[in-house]
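Worksheet for the structure shown next.
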Amino acid sequence: MASGINKKLLAKKDMNFFREFTANAARAARMLGYAMVGGILVVFIVLGLIGYLAVRNFMKQQDIDAITAELAGPDYAGLEEKAKELQNELNQKNNYYFALTTMRTTVDRVATVPMEIPGILAKSIPSDSYVLNYSIDGSLLKYNGYSFSYYSIVDMVNMLNNSKVFTSRPEMRIARVESTSIASADGFYNNKTGDVLPLNTYYSFDISGTLIGKVYISIGRYLNGTSIQSIAGVETTEYAAGSEYNYTEGIDTYVSGGVTYNLVRVTVDGVEVSADNLASIKAAHAFSGTAKGNTEINLYYEVAQAQPAQ
């Protein structure tokens, strides 16, 4: 009885084992199938992407070959030589423009003096005074002479001021002259008549003053080097004497002909500015000052970056 029960239990256990084994095997087969399908899909995706990139690169290469062939054609064969010719022509025109602006600056800086000034000066001389010499040098009037009265000299200058001859207060140098400094005591006697020639103490004067109140500031731009090579024309501006000027365009950086230039040094009337002042100019991106007289400002540059010319 007991042996019969054991056989049935064993048979039932065997059936359960085979059923679980078959289920696990089927599950593993399904998972393997899914993995194979996923792998095949990945392979197809990768192959598709490779094919797309290959076609795209082929089309790009065709475009490159077409452009290369066009550049090698007769329309572009002499392009480089043409560019050199245009650059040479630009340099020639730039030099010509520089020469014209330089001549214009020279003309602008020549002061024009009213022709009536000598007549005004003659009418202003007091009866007890006389002018020994006078000269007009640019915008500066100078004259000197003698007078028997200190106040007559001052009155003469005042009359010129009222006639609008000077644009600012002139400089006056007046000195007292003793009669004995020009002759000995015997020199004051008339040898023929024996009369005494009386001569009072008199004064010498030197007067100088500015006739016009306008000055010119000129700015030139050059390549820094041993030889002078301009990169732009000379820019000349008229200012009232004593006024402030301020240049902000193209100072620390200047662009001409598709080329960018950087400022490396500055001279004012031939005198180079210090390194500290140059740093201040670059930091402010400007050049400023007071228009005290005709001033020549030269800016020197070095090439920073070349760009294709239009």
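Please note that chains go A, B, ... in the order of the structure tokens, that every chain numbers its residues from 1, and that ligands are numbered from 1 in the order shown.
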
- Task: Extract, using only C-alpha atoms, all DNA, RNA and protein residues at most 8 Å from stretch 215-229 of chain A, discarding same-chain residues fewer than 2 positions from it, and format them as JSON, numbers by chain.
- Result: {"A": [105, 108, 109, 213, 231, 232, 233, 234, 235, 236, 237, 238, 239, 240, 241, 264, 291, 292, 293, 294, 295, 296, 297, 298, 299, 300, 301, 302]}

- Atom-to-atom span, atom CA of A:Ala284 and atom CA of A:Ser230, Å: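 These atoms are spaced 23.8 Å apart.
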
- Could you check how far atom CA of A:Val154 sits from atom CA of A:Thr210, in Å to one decimal? 17.1 Å

- Query: as a list in words, which residues of stretch 49-157 of chain A does DSSP assign to strand (DSSP E or B)?
  - Reply: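 So the strand (DSSP E or B) residues in stretch 49-157 of chain A would be Ser129, Tyr130, Val131, Leu132, Asn133, Tyr134, Ser135, Ile136, Asp137, Leu140, Leu141, Lys142, Tyr143, Asn144, Gly145, Tyr146 and Ser147 of chain A.
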